[in-house]
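Colleague: Just so it is clear, I am handing over protein.txt, which has compact mmCIF, C-alpha atoms and all ligand atoms.
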```txt
# COMPACT_ATOMS: atom_id res chain seq x y z
CA MET A 39 -7.44 102.07 -49.97
CA THR A 40 -9.82 100.58 -47.44
CA ALA A 41 -9.74 101.89 -43.88
CA ILE A 42 -10.22 98.45 -42.33
CA GLU A 43 -10.07 95.05 -43.96
CA THR A 44 -10.19 91.74 -42.16
CA THR A 45 -9.66 88.34 -43.75
CA ALA A 46 -10.93 85.23 -41.98
CA LEU A 47 -10.13 86.99 -38.70
CA THR A 48 -10.68 84.60 -35.82
CA LYS A 49 -10.13 84.69 -32.07
CA GLN A 50 -10.61 81.66 -29.92
CA TYR A 51 -10.63 81.77 -26.12
CA GLY A 52 -10.57 78.12 -25.10
CA ASP A 53 -13.89 76.73 -26.33
CA VAL A 54 -15.31 80.18 -27.02
CA THR A 55 -14.95 81.57 -30.52
CA ALA A 56 -15.16 85.30 -29.81
CA VAL A 57 -14.62 86.25 -33.47
CA ASP A 58 -15.28 83.70 -36.17
CA GLY A 59 -13.77 84.09 -39.65
CA LEU A 60 -14.65 87.78 -39.88
CA GLU A 61 -14.57 89.30 -43.39
CA LEU A 62 -15.12 93.00 -42.90
CA THR A 63 -14.41 95.96 -45.15
CA VAL A 64 -14.73 99.55 -43.97
CA ARG A 65 -14.26 102.11 -46.73
CA GLU A 66 -12.22 105.23 -46.33
CA GLY A 67 -14.32 108.23 -45.31
CA GLU A 68 -17.40 106.37 -44.12
CA VAL A 69 -18.99 106.23 -40.69
CA PHE A 70 -19.37 102.52 -40.04
CA GLY A 71 -21.52 101.22 -37.19
CA PHE A 72 -20.30 97.93 -35.75
CA LEU A 73 -23.34 96.58 -34.06
CA GLY A 74 -23.99 93.51 -31.96
CA PRO A 75 -25.44 92.37 -28.66
CA ASN A 76 -23.26 92.04 -25.58
CA GLY A 77 -20.61 89.38 -26.08
CA ALA A 78 -20.90 89.42 -29.89
CA GLY A 79 -17.16 89.97 -30.33
CA LYS A 80 -17.02 93.72 -31.06
CA SER A 81 -14.33 94.61 -28.51
CA THR A 82 -12.29 91.54 -29.41
CA THR A 83 -12.36 92.62 -33.06
CA ILE A 84 -11.31 96.16 -32.16
CA ASN A 85 -8.56 94.85 -29.91
CA MET A 86 -7.22 92.72 -32.78
CA LEU A 87 -7.27 95.72 -35.14
CA LEU A 88 -5.12 97.60 -32.62
CA ASP A 89 -2.86 94.61 -31.82
CA PHE A 90 -3.98 94.57 -28.19
CA VAL A 91 -5.10 90.99 -28.82
CA ARG A 92 -3.48 88.56 -31.26
CA PRO A 93 -5.79 86.65 -33.61
CA THR A 94 -5.88 82.86 -33.45
CA SER A 95 -5.93 82.94 -37.26
CA GLY A 96 -6.66 85.27 -40.14
CA SER A 97 -5.41 88.79 -40.64
CA ALA A 98 -6.40 92.45 -40.66
CA THR A 99 -5.18 95.65 -42.21
CA VAL A 100 -5.89 99.13 -40.87
CA LEU A 101 -5.26 102.09 -43.22
CA GLY A 102 -3.33 99.67 -45.40
CA TYR A 103 -0.99 98.54 -42.61
CA ASP A 104 -0.87 95.01 -41.27
CA ALA A 105 -2.45 95.00 -37.79
CA GLN A 106 0.23 92.72 -36.35
CA THR A 107 3.45 93.68 -38.06
CA GLU A 108 2.80 97.40 -38.55
CA ALA A 109 0.91 98.27 -35.36
CA ASP A 110 3.13 101.30 -34.68
CA GLN A 111 2.23 102.94 -37.99
CA ILE A 112 -1.44 102.23 -37.24
CA SER A 113 -1.38 103.77 -33.77
CA GLU A 114 0.11 106.98 -35.23
CA ARG A 115 -2.83 107.40 -37.60
CA VAL A 116 -5.69 106.11 -35.46
CA GLY A 117 -7.63 107.84 -32.66
CA ILE A 118 -9.13 105.50 -30.10
CA LEU A 119 -12.04 106.05 -27.79
CA PRO A 120 -11.85 102.93 -25.61
CA GLU A 121 -14.81 101.28 -23.90
CA GLY A 122 -15.10 102.38 -20.27
CA PHE A 123 -12.49 105.13 -20.59
CA ASP A 124 -10.88 105.80 -17.19
CA ILE A 125 -9.93 109.33 -16.22
CA TYR A 126 -7.27 110.35 -13.78
CA PRO A 127 -9.41 112.00 -11.10
CA ARG A 128 -6.77 114.46 -9.91
CA LEU A 129 -5.67 115.63 -13.35
CA THR A 130 -7.42 118.44 -15.18
CA GLY A 131 -9.06 117.95 -18.54
CA ARG A 132 -6.36 120.07 -20.12
CA ARG A 133 -3.60 117.90 -18.58
CA HIS A 134 -5.20 114.73 -19.95
CA VAL A 135 -5.10 116.17 -23.45
CA GLU A 136 -1.54 117.44 -23.02
CA PHE A 137 -0.44 113.94 -22.01
CA ALA A 138 -2.14 112.50 -25.05
CA ILE A 139 -0.35 115.05 -27.27
CA GLU A 140 3.03 114.26 -25.69
CA THR A 141 2.46 110.50 -25.99
CA LYS A 142 1.64 110.77 -29.67
CA HIS A 143 4.48 113.25 -30.29
CA ALA A 144 1.90 115.54 -31.85
CA ASP A 145 1.79 119.31 -31.82
CA ASP A 146 -1.93 119.96 -31.41
CA ASP A 147 -3.31 122.87 -29.43
CA PRO A 148 -5.09 121.28 -26.42
CA GLU A 149 -7.69 124.04 -26.35
CA GLU A 150 -8.60 123.51 -29.98
CA LEU A 151 -9.19 119.79 -29.30
CA LEU A 152 -11.17 120.41 -26.10
CA GLU A 153 -13.32 122.88 -27.97
CA ARG A 154 -13.85 120.53 -30.93
CA ALA A 155 -14.88 117.77 -28.52
CA GLY A 156 -17.42 120.16 -27.00
CA LEU A 157 -16.05 120.32 -23.45
CA ASP A 158 -17.16 123.52 -21.73
CA PRO A 159 -14.13 125.87 -21.34
CA ASP A 160 -15.05 126.35 -17.67
CA ALA A 161 -14.19 122.68 -17.12
CA TRP A 162 -10.83 122.60 -18.92
CA ASP A 163 -8.82 123.47 -15.79
CA ARG A 164 -10.95 121.58 -13.32
CA VAL A 165 -9.91 118.10 -12.17
CA ALA A 166 -11.63 115.41 -14.20
CA GLY A 167 -12.73 113.54 -11.05
CA GLY A 168 -15.74 115.85 -10.86
CA TYR A 169 -16.76 115.45 -14.51
CA SER A 170 -20.12 113.94 -15.48
CA THR A 171 -20.22 110.89 -17.79
CA GLY A 172 -20.88 113.14 -20.78
CA MET A 173 -17.94 115.40 -19.90
CA ARG A 174 -15.64 112.39 -19.49
CA GLN A 175 -16.74 111.14 -22.87
CA ARG A 176 -15.97 114.52 -24.45
CA LEU A 177 -12.57 114.52 -22.77
CA ALA A 178 -11.90 111.04 -24.14
CA MET A 179 -12.95 112.32 -27.56
CA ALA A 180 -10.56 115.29 -27.34
CA MET A 181 -7.77 112.81 -26.55
CA ALA A 182 -8.82 110.55 -29.43
CA LEU A 183 -8.60 113.50 -31.83
CA VAL A 184 -4.92 114.15 -31.05
CA GLY A 185 -2.71 113.97 -34.12
CA ASP A 186 -5.62 114.49 -36.54
CA PRO A 187 -6.28 110.76 -37.00
CA ASP A 188 -7.39 109.34 -40.35
CA LEU A 189 -9.49 106.76 -38.52
CA LEU A 190 -11.43 107.09 -35.28
CA ILE A 191 -12.23 103.83 -33.51
CA MET A 192 -14.91 104.24 -30.87
CA ASP A 193 -15.85 101.27 -28.67
CA GLU A 194 -19.37 101.72 -27.26
CA PRO A 195 -19.00 105.51 -27.07
CA SER A 196 -22.66 106.05 -26.22
CA SER A 197 -22.75 103.86 -23.12
CA GLY A 198 -23.76 105.82 -20.04
CA LEU A 199 -24.83 108.91 -22.00
CA ASP A 200 -28.31 110.40 -21.70
CA PRO A 201 -30.31 111.10 -24.90
CA HIS A 202 -28.93 114.65 -25.06
CA GLY A 203 -25.36 113.35 -24.70
CA ILE A 204 -26.00 110.76 -27.40
CA ARG A 205 -27.20 113.44 -29.81
CA GLU A 206 -24.13 115.55 -29.07
CA LEU A 207 -21.89 112.57 -29.65
CA GLN A 208 -23.62 111.89 -32.96
CA ASP A 209 -23.11 115.53 -34.02
CA LEU A 210 -19.46 115.25 -33.10
CA VAL A 211 -19.01 112.05 -35.09
CA ARG A 212 -20.68 113.68 -38.10
CA ALA A 213 -18.46 116.75 -37.79
CA GLU A 214 -15.32 114.58 -37.74
CA ALA A 215 -16.61 112.57 -40.71
CA ASP A 216 -17.14 115.85 -42.58
CA ARG A 217 -13.45 116.59 -42.03
CA GLY A 218 -12.70 113.38 -43.91
CA THR A 219 -12.08 111.09 -40.94
CA THR A 220 -13.26 107.49 -41.20
CA VAL A 221 -15.22 106.51 -38.10
CA PHE A 222 -15.66 102.95 -36.83
CA PHE A 223 -18.29 103.08 -34.11
CA SER A 224 -19.30 100.03 -32.06
CA SER A 225 -22.55 99.81 -30.16
CA HIS A 226 -25.10 97.27 -28.97
CA ILE A 227 -27.94 99.74 -29.54
CA LEU A 228 -29.10 100.12 -33.13
CA GLU A 229 -30.71 103.50 -32.51
CA HIS A 230 -27.36 104.96 -31.51
CA VAL A 231 -25.74 104.08 -34.82
CA ASP A 232 -28.78 104.72 -37.02
CA ALA A 233 -28.62 108.52 -36.97
CA VAL A 234 -24.94 108.74 -37.69
CA CYS A 235 -23.67 105.77 -39.68
CA ASP A 236 -23.44 105.42 -43.45
CA ARG A 237 -23.42 101.63 -43.16
CA ILE A 238 -23.72 99.14 -40.37
CA GLY A 239 -22.34 95.66 -39.87
CA VAL A 240 -24.23 93.40 -37.49
CA LEU A 241 -22.17 90.90 -35.51
CA THR A 242 -23.58 87.99 -33.51
CA ASN A 243 -21.55 85.24 -31.93
CA GLY A 244 -18.44 86.50 -33.70
CA THR A 245 -20.03 86.30 -37.15
CA LEU A 246 -21.13 89.12 -39.40
CA VAL A 247 -24.80 88.51 -40.20
CA ALA A 248 -25.47 91.67 -42.25
CA VAL A 249 -23.67 94.66 -43.74
CA ASP A 250 -25.80 97.39 -45.27
CA THR A 251 -27.29 100.83 -44.83
CA ILE A 252 -30.17 100.98 -42.34
CA ASP A 253 -32.56 101.60 -45.24
CA GLY A 254 -31.05 98.67 -47.12
CA LEU A 255 -31.60 96.44 -44.09
CA ARG A 256 -35.17 97.63 -43.77
CA ASP A 257 -35.80 96.86 -47.44
CA SER A 258 -34.18 93.45 -47.40
CA LEU A 259 -35.76 92.33 -44.15
CA GLY A 260 -39.18 93.82 -44.87
CA GLY A 261 -40.88 93.07 -41.60
CA ASP A 262 -43.69 94.65 -39.74
CA ALA A 263 -44.26 98.11 -41.14
CA THR A 264 -47.85 99.13 -40.48
CA VAL A 265 -50.11 101.16 -42.76
CA THR A 266 -53.06 102.66 -40.90
CA LEU A 267 -55.82 103.90 -43.18
CA THR A 268 -58.62 106.11 -41.88
CA LEU A 269 -61.74 105.43 -43.97
CA ALA A 270 -64.94 107.45 -44.35
CA GLY A 271 -67.32 104.47 -44.11
CA ALA A 272 -67.28 101.31 -42.03
CA PRO A 273 -63.71 99.99 -42.32
CA ASP A 274 -64.64 96.30 -42.09
CA THR A 275 -66.51 96.61 -45.39
CA TYR A 276 -63.07 96.69 -46.99
CA LEU A 277 -61.42 94.03 -44.83
CA GLU A 278 -61.35 91.36 -47.55
CA THR A 279 -60.10 93.78 -50.18
CA ALA A 280 -57.15 94.74 -47.98
CA GLN A 281 -56.46 91.12 -47.06
CA SER A 282 -56.35 90.12 -50.73
CA VAL A 283 -53.43 92.43 -51.55
CA ALA A 284 -50.16 90.53 -51.96
CA GLY A 285 -47.64 91.44 -49.24
CA ILE A 286 -50.28 92.42 -46.66
CA THR A 287 -50.02 89.87 -43.86
CA GLU A 288 -52.62 91.01 -41.37
CA VAL A 289 -55.51 93.47 -41.39
CA THR A 290 -57.14 94.70 -38.19
CA PRO A 291 -60.26 96.88 -38.42
CA THR A 292 -61.04 99.45 -35.70
CA ALA A 293 -64.01 101.84 -35.55
CA ARG A 294 -62.52 104.18 -38.17
CA THR A 295 -59.36 102.57 -39.45
CA LEU A 296 -57.85 99.52 -41.06
CA GLU A 297 -54.43 98.63 -39.66
CA CYS A 298 -52.51 96.68 -42.26
CA ALA A 299 -49.27 94.84 -41.49
CA VAL A 300 -46.99 95.08 -44.52
CA ALA A 301 -44.40 92.38 -45.15
CA GLU A 302 -43.30 93.82 -48.50
CA PRO A 303 -42.60 97.56 -48.67
CA ALA A 304 -43.83 97.50 -52.31
CA ALA A 305 -47.30 96.40 -51.16
CA LYS A 306 -48.24 99.81 -49.77
CA ALA A 307 -49.21 101.46 -53.07
CA PRO A 308 -51.28 98.48 -54.40
CA LEU A 309 -53.10 98.42 -51.03
CA ILE A 310 -54.24 102.00 -51.44
CA THR A 311 -55.13 101.48 -55.09
CA ALA A 312 -57.17 98.34 -54.29
CA LEU A 313 -59.16 100.12 -51.57
CA ASP A 314 -59.75 103.11 -53.80
CA GLN A 315 -60.99 100.90 -56.63
CA ALA A 316 -63.30 99.07 -54.19
CA GLY A 317 -64.95 102.44 -53.47
CA ALA A 318 -63.36 103.30 -50.14
CA THR A 319 -62.87 106.96 -49.27
CA ILE A 320 -59.43 107.20 -47.68
CA GLU A 321 -59.24 110.19 -45.35
CA ASP A 322 -55.79 109.63 -43.94
CA VAL A 323 -52.79 107.32 -44.33
CA GLN A 324 -50.17 106.77 -41.66
CA ILE A 325 -47.13 104.59 -42.23
CA SER A 326 -44.99 103.44 -39.36
CA ASP A 327 -41.75 101.88 -40.48
CA VAL A 328 -40.26 98.70 -39.14
CA SER A 329 -38.88 99.71 -35.77
CA LEU A 330 -35.13 99.66 -35.40
CA GLU A 331 -35.60 97.49 -32.37
CA SER A 332 -37.44 94.82 -34.33
CA LEU A 333 -34.82 94.91 -37.12
CA PHE A 334 -32.05 94.29 -34.66
CA THR A 335 -33.98 91.52 -32.91
CA GLN A 336 -34.68 89.89 -36.25
CA LEU A 337 -31.01 89.93 -37.17
CA THR A 338 -29.64 88.72 -33.88
CA ASP A 339 -32.41 86.47 -32.58
CA GLU A 340 -31.60 83.26 -34.36
CA THR A 341 -28.29 82.94 -32.56
CA ALA A 342 -29.65 84.13 -29.19
CA GLY A 343 -30.24 80.57 -28.04
CA THR A 344 -26.56 79.85 -28.03
CA GLU A 345 -25.73 82.87 -25.83
CA SER A 346 -26.31 81.13 -22.52
CA GLU A 347 -24.18 78.17 -23.59
CA LYS A 348 -21.52 80.66 -24.54
CA ALA A 349 -21.75 82.39 -21.18
CA ASP A 350 -21.24 79.05 -19.43
CA ALA A 351 -18.20 78.36 -21.56
CA ASP A 352 -16.92 81.89 -20.86
CA ALA A 353 -16.98 81.24 -17.15
CA ASP A 354 -14.62 78.31 -17.75
CA ASN A 355 -12.29 80.49 -19.80
CA GLU A 356 -11.94 83.64 -17.74
CA SER A 357 -8.39 82.80 -16.77
CA ASP A 358 -7.43 81.96 -20.32
CA GLU A 359 -3.77 82.66 -20.85
CA GLN A 360 -2.92 85.87 -22.67
CA THR A 361 -0.13 86.95 -24.93
CA PRO A 362 1.86 89.95 -23.67
CA ALA A 363 -0.12 92.09 -26.13
CA GLU A 364 -3.39 90.78 -24.72
CA SER A 365 -2.61 91.73 -21.16
CA ASP A 366 -2.64 95.34 -22.36
CA ALA A 367 -6.02 94.94 -24.02
CA GLN A 368 -8.36 97.90 -23.54
CA THR A 369 -5.64 99.95 -21.89
CA GLU A 370 -4.97 103.20 -23.66
CA PRO A 371 -1.26 103.91 -24.05
CA VAL A 372 -2.11 107.47 -23.05
CA GLN A 373 -3.55 106.30 -19.76
CA ALA A 374 -0.47 104.25 -18.91
CA GLU A 375 1.69 107.29 -19.61
CA ALA A 376 -0.52 109.63 -17.62
CA SER A 377 -0.21 107.56 -14.47
CA GLU A 378 3.54 107.94 -14.36
N1 LIG B 401 -9.91 87.54 -22.27
C1 LIG B 401 -10.98 86.75 -22.49
N2 LIG B 401 -11.02 85.49 -22.03
C2 LIG B 401 -12.07 84.68 -22.28
N3 LIG B 401 -13.15 85.03 -23.01
C3 LIG B 401 -13.19 86.27 -23.49
C4 LIG B 401 -12.11 87.20 -23.27
N4 LIG B 401 -12.43 88.37 -23.90
C5 LIG B 401 -13.65 88.19 -24.47
N5 LIG B 401 -14.09 86.93 -24.24
C6 LIG B 401 -15.38 86.37 -24.69
O1 LIG B 401 -15.45 86.56 -26.09
C7 LIG B 401 -16.79 86.90 -26.47
C8 LIG B 401 -16.80 88.24 -27.17
O2 LIG B 401 -16.53 89.27 -26.22
P1 LIG B 401 -16.38 90.80 -26.61
O3 LIG B 401 -16.03 91.53 -25.36
O4 LIG B 401 -15.48 90.92 -27.76
O5 LIG B 401 -17.87 91.14 -27.06
P2 LIG B 401 -18.54 92.56 -27.26
O6 LIG B 401 -19.38 92.43 -28.47
O7 LIG B 401 -17.52 93.63 -27.25
O8 LIG B 401 -19.47 92.67 -25.99
P3 LIG B 401 -19.87 93.97 -25.12
O9 LIG B 401 -20.86 94.73 -25.96
O10 LIG B 401 -20.50 93.34 -23.93
O11 LIG B 401 -18.62 94.72 -24.81
C9 LIG B 401 -17.60 86.87 -25.20
O12 LIG B 401 -18.22 85.61 -25.10
C10 LIG B 401 -16.57 87.12 -24.12
O13 LIG B 401 -16.97 86.58 -22.89
```
Any chance you could put this one into structure tokens?
Modeller:
Amino acid sequence: MTAIETTALTKQYGDVTAVDGLELTVREGEVFGFLGPNGAGKSTTINMLLDFVRPTSGSATVLGYDAQTEADQISERVGILPEGFDIYPRLTGRRHVEFAIETKHADDDPEELLERAGLDPDAWDRVAGGYSTGMRQRLAMAMALVGDPDLLIMDEPSSGLDPHGIRELQDLVRAEADRGTTVFFSSHILEHVDAVCDRIGVLTNGTLVAVDTIDGLRDSLGGDATVTLTLAGAPDTYLETAQSVAGITEVTPTARTLECAVAEPAAKAPLITALDQAGATIEDVQISDVSLESLFTQLTDETAGTESEKADADADNESDEQTPAESDAQTEPVQAEASE
């Protein structure tokens, strides 16, 4: 069984196509990074998977259940960490988790969940109004873990966290994945999904432009990896030799090194062999991979031009009418319950 499967899933808001014929498969047990710049359609997709928003056309299944007709079965098996999770400032962390347990008719031990989410026990009985962003995120995570979900859906969980908080979140995601939970993790920052995801899907303008492992993306896109060779003699003696190697796009000599831009990962070994055969004494080799940043830019850039047009159209569609399900979009059932 697949954890998530969408077929031609589409959401139109007036003239704006937020999600455009999405065909996405997330396998059971994997940590899947759903990546895309702001406005790419990530939240809309998540909201359709959870039946907070109704698709204009197409369909989706979550854990084998139809997202529209079997939403109740889905919500029982899914843990959600919503974007911009709101706490109830006067309720303690423990109370938040207890509400989540009651809402889901689960029988979890709140302390076990708070501990698993990494919230400091000293904070459990303090009101959440004084929590830092990282503590709020851990509280939200403890609530998402209620009922031992088979699938965790996390919408931009790293937003607002400092690098330490991001690492802790990544450890937590890994720990849950090791327990067998499938994790669907949206972000607009590639680095945040890189360390933790088995595969990533890149969304731009509602369309999936790539699905692969990060290494797979690096290999298929090639790009600007740089090989810096420190040579014993004058580096520019070997300039032409380096330039003649297939897959080397640019060679820059410095006083002691040759910096070679590599378009094809497979060109690195022939480069070294060619220099060696030409008589160069190579003292050191440093390889810097294609940066994650440049990979992401490469994948999302070609559609960037249409973003401003889209933003203009969005402004015209803000008051777009919503279905009853849509008006609840992004609102955790737990939160509604807790306010009563
Ligand atoms: N209720 C709505 N009415 C009109 N347009 C909407 C609505 N919800 C989303 N959109 C538009 O649909 C597009 C996709 O938005 P969405 O929030 O799904 O993107 P996202 O990838 O989650 O972005 P972010 O990373 O900023 O949260 C955007 O152009 C957005 O303005």
Colleague: What is the atom CA of A:Leu101-atom CA of A:Thr63 distance in Å, reported with one decimal?
Modeller: 11.2 Å
Colleague: Can you tell me how far atom CA of A:Gly172 sits from atom CA of A:Ser225, in Å to one decimal?
Modeller: 16.4 Å
Colleague: Up to 12 Å from (-50.4, 90.6, -50.6) in the file's coordinates: name the residues, counting only C-alpha atoms, as a list in words.
Modeller: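 Returned residue set, sorted by chain then number, is Glu278, Thr279, Ala280, Gln281, Ser282, Val283, Ala284, Gly285, Ile286, Thr287, Glu288, Val289, Cys298, Ala299, Val300, Ala301, Glu302, Pro303, Ala304, Ala305, Lys306, Ala307, Pro308, Leu309 and Ala312 of chain A.
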Colleague: At what distance in Å, to one decimal, does atom CA of A:Leu190 lie from atom O4 of ligand LIG 401 (chain B)?
Modeller: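 Separation between atom O4 of ligand LIG 401 (chain B) and atom CA of A:Leu190: 18.3 Å.
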Colleague: Under the rule that all atoms listed in the file are counted, which of A:Gln324, A:Thr107, A:Asn243, A:Thr251 is the nearest residue to A:Asn76?
Modeller: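 With all atoms listed in the file as the atom set, the closest residue is A:Asn243.
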Colleague: Which one is closest to ligand LIG 401 (chain B): A:Asp253, A:Asp163, A:Asp104, A:Glu194? Count only C-alpha atoms and all ligand atoms.
Modeller: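 Between A:Asp253, A:Asp163, A:Asp104, A:Glu194, the residue approaching ligand LIG 401 (chain B) most closely is A:Glu194.
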Colleague: If you count all atoms listed in the file, which residues fall within 9 Å of stretch 146-152 of chain A, apart from same-chain ones fewer than 4 positions away, as a list of chain:residue names?
Modeller: A:Gly131, A:Arg132, A:Arg133, A:Val135, A:Glu136, A:Ile139, A:Gly156, A:Leu157, A:Asp158, A:Pro159, A:Trp162, A:Arg176, A:Leu177, A:Met179, A:Ala180, A:Met181, A:Leu183, A:Val184, A:Gly185, A:Asp186
Colleague: Measuring between only C-alpha atoms, which one of A:Ala270, A:Ala263, A:Ile238, A:Leu189 shows the shortest distance to A:Ser332?
Modeller: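 Selected residue with least distance to A:Ser332: A:Ala263.
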Colleague: Pick out the closest residue to ligand LIG 401 (chain B) from this set: A:Leu119, A:Ala178, A:Val100, A:Met86. Count only C-alpha atoms and all ligand atoms.
Modeller: A:Met86
Colleague: Find the residues near A:Pro127: any atom within 8 Å, counting all atoms listed in the file, skip ones fewer than 5 places away on the same chain, and give them as number ranges by chain.
Modeller: A: 165-168
Colleague: What's around A:Gly59 at 7 Å? Count all atoms listed in the file, leave out sequence neighbours fewer than 3 positions away in its own chain, and write the answer as a ChimeraX atom specification.
Modeller: /A:46-48
Colleague: Given all atoms listed in the file as the basis, pick out the residue of A:Ile118, A:Ala98, A:Val69, A:Val240 nearest to ligand LIG 401 (chain B).
Modeller: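 The answer is A:Val240, which sits nearest to ligand LIG 401 (chain B).
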Colleague: With distances taken over all atoms listed in the file, which of A:Pro120, A:Gly244, A:Gly271, A:Pro187 is nearest to ligand LIG 401 (chain B)?
Modeller: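 With all atoms listed in the file as the atom set, the closest residue is A:Gly244.
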Colleague: For A:Ile204, list every protein, DNA or RNA residue within 12 Å, evaluated using all atoms listed in the file, and leave out those in the same chain fewer than 6 positions away; present the list as a JSON list (two decimals) with C-alpha atoms, in the frame of the given file.
Modeller:
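So the final result, stored in around.json, reads:
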```json
[["chain", "number", "residue", "atom", "x", "y", "z"],
["A", 171, "THR", "CA", -20.22, 110.89, -17.79],
["A", 172, "GLY", "CA", -20.88, 113.14, -20.78],
["A", 173, "MET", "CA", -17.94, 115.40, -19.90],
["A", 175, "GLN", "CA", -16.74, 111.14, -22.87],
["A", 176, "ARG", "CA", -15.97, 114.52, -24.45],
["A", 194, "GLU", "CA", -19.37, 101.72, -27.26],
["A", 195, "PRO", "CA", -19.00, 105.51, -27.07],
["A", 196, "SER", "CA", -22.66, 106.05, -26.22],
["A", 197, "SER", "CA", -22.75, 103.86, -23.12],
["A", 198, "GLY", "CA", -23.76, 105.82, -20.04],
["A", 210, "LEU", "CA", -19.46, 115.25, -33.10],
["A", 211, "VAL", "CA", -19.01, 112.05, -35.09],
["A", 225, "SER", "CA", -22.55, 99.81, -30.16],
["A", 227, "ILE", "CA", -27.94, 99.74, -29.54],
["A", 229, "GLU", "CA", -30.71, 103.50, -32.51],
["A", 230, "HIS", "CA", -27.36, 104.96, -31.51],
["A", 231, "VAL", "CA", -25.74, 104.08, -34.82],
["A", 232, "ASP", "CA", -28.78, 104.72, -37.02],
["A", 233, "ALA", "CA", -28.62, 108.52, -36.97],
["A", 234, "VAL", "CA", -24.94, 108.74, -37.69]]
```
Colleague: Given 6 Å of margin on each side, can you work out the centre and size in Å (one decimal) of an axis-aligned box holding every listed atom of stretch 72-76 of chain A, as lines of an AutoDock Vina configuration file?
Modeller:
```
center_x = -22.9
center_y = 95.0
center_z = -30.7
size_x = 17.1
size_y = 17.9
size_z = 22.2
```
Colleague: Find the residues around A:Thr94 up to 10 Å (all atoms listed in the file counted), leave out those fewer than 3 positions away in its own chain, and share them as a count of residues only.
Modeller: 11
Colleague: Assuming the input is short of atoms at stretch 64-78 of chain A, produce N, CA and C atoms for that part as a PDB file, in the coordinates of the input.
Modeller:
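result_10.pdb, freshly written:
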```pdb
ATOM      1  N   VAL A  64     -14.248  98.195 -44.266  1.00  0.00           N
ATOM      2  CA  VAL A  64     -14.730  99.550 -43.970  1.00  0.00           C
ATOM      3  C   VAL A  64     -14.032 100.487 -44.944  1.00  0.00           C
ATOM      4  N   ARG A  65     -14.843 101.236 -45.701  1.00  0.00           N
ATOM      5  CA  ARG A  65     -14.260 102.110 -46.730  1.00  0.00           C
ATOM      6  C   ARG A  65     -13.735 103.397 -46.110  1.00  0.00           C
ATOM      7  N   GLU A  66     -12.764 103.949 -46.797  1.00  0.00           N
ATOM      8  CA  GLU A  66     -12.220 105.230 -46.330  1.00  0.00           C
ATOM      9  C   GLU A  66     -13.299 106.296 -46.369  1.00  0.00           C
ATOM     10  N   GLY A  67     -13.407 107.081 -45.319  1.00  0.00           N
ATOM     11  CA  GLY A  67     -14.320 108.230 -45.310  1.00  0.00           C
ATOM     12  C   GLY A  67     -15.717 107.919 -44.813  1.00  0.00           C
ATOM     13  N   GLU A  68     -16.035 106.651 -44.574  1.00  0.00           N
ATOM     14  CA  GLU A  68     -17.400 106.370 -44.120  1.00  0.00           C
ATOM     15  C   GLU A  68     -17.483 106.293 -42.592  1.00  0.00           C
ATOM     16  N   VAL A  69     -18.715 106.458 -42.105  1.00  0.00           N
ATOM     17  CA  VAL A  69     -18.990 106.230 -40.690  1.00  0.00           C
ATOM     18  C   VAL A  69     -19.632 104.848 -40.632  1.00  0.00           C
ATOM     19  N   PHE A  70     -18.919 103.918 -40.040  1.00  0.00           N
ATOM     20  CA  PHE A  70     -19.370 102.520 -40.040  1.00  0.00           C
ATOM     21  C   PHE A  70     -19.790 102.122 -38.639  1.00  0.00           C
ATOM     22  N   GLY A  71     -21.020 101.672 -38.492  1.00  0.00           N
ATOM     23  CA  GLY A  71     -21.520 101.220 -37.190  1.00  0.00           C
ATOM     24  C   GLY A  71     -21.292  99.728 -37.048  1.00  0.00           C
ATOM     25  N   PHE A  72     -20.596  99.356 -35.989  1.00  0.00           N
ATOM     26  CA  PHE A  72     -20.300  97.930 -35.750  1.00  0.00           C
ATOM     27  C   PHE A  72     -21.216  97.521 -34.609  1.00  0.00           C
ATOM     28  N   LEU A  73     -22.238  96.784 -34.982  1.00  0.00           N
ATOM     29  CA  LEU A  73     -23.340  96.580 -34.060  1.00  0.00           C
ATOM     30  C   LEU A  73     -23.441  95.116 -33.635  1.00  0.00           C
ATOM     31  N   GLY A  74     -23.783  94.885 -32.387  1.00  0.00           N
ATOM     32  CA  GLY A  74     -23.990  93.510 -31.960  1.00  0.00           C
ATOM     33  C   GLY A  74     -24.357  93.492 -30.499  1.00  0.00           C
ATOM     34  N   PRO A  75     -25.083  92.450 -30.080  1.00  0.00           N
ATOM     35  CA  PRO A  75     -25.440  92.370 -28.660  1.00  0.00           C
ATOM     36  C   PRO A  75     -24.206  92.158 -27.789  1.00  0.00           C
ATOM     37  N   ASN A  76     -24.379  92.265 -26.490  1.00  0.00           N
ATOM     38  CA  ASN A  76     -23.260  92.040 -25.580  1.00  0.00           C
ATOM     39  C   ASN A  76     -22.635  90.674 -25.861  1.00  0.00           C
ATOM     40  N   GLY A  77     -21.313  90.652 -25.888  1.00  0.00           N
ATOM     41  CA  GLY A  77     -20.610  89.380 -26.080  1.00  0.00           C
ATOM     42  C   GLY A  77     -20.508  88.947 -27.532  1.00  0.00           C
ATOM     43  N   ALA A  78     -20.907  89.804 -28.471  1.00  0.00           N
ATOM     44  CA  ALA A  78     -20.900  89.420 -29.890  1.00  0.00           C
ATOM     45  C   ALA A  78     -19.487  89.329 -30.453  1.00  0.00           C
TER      46      ALA A  78
END
```
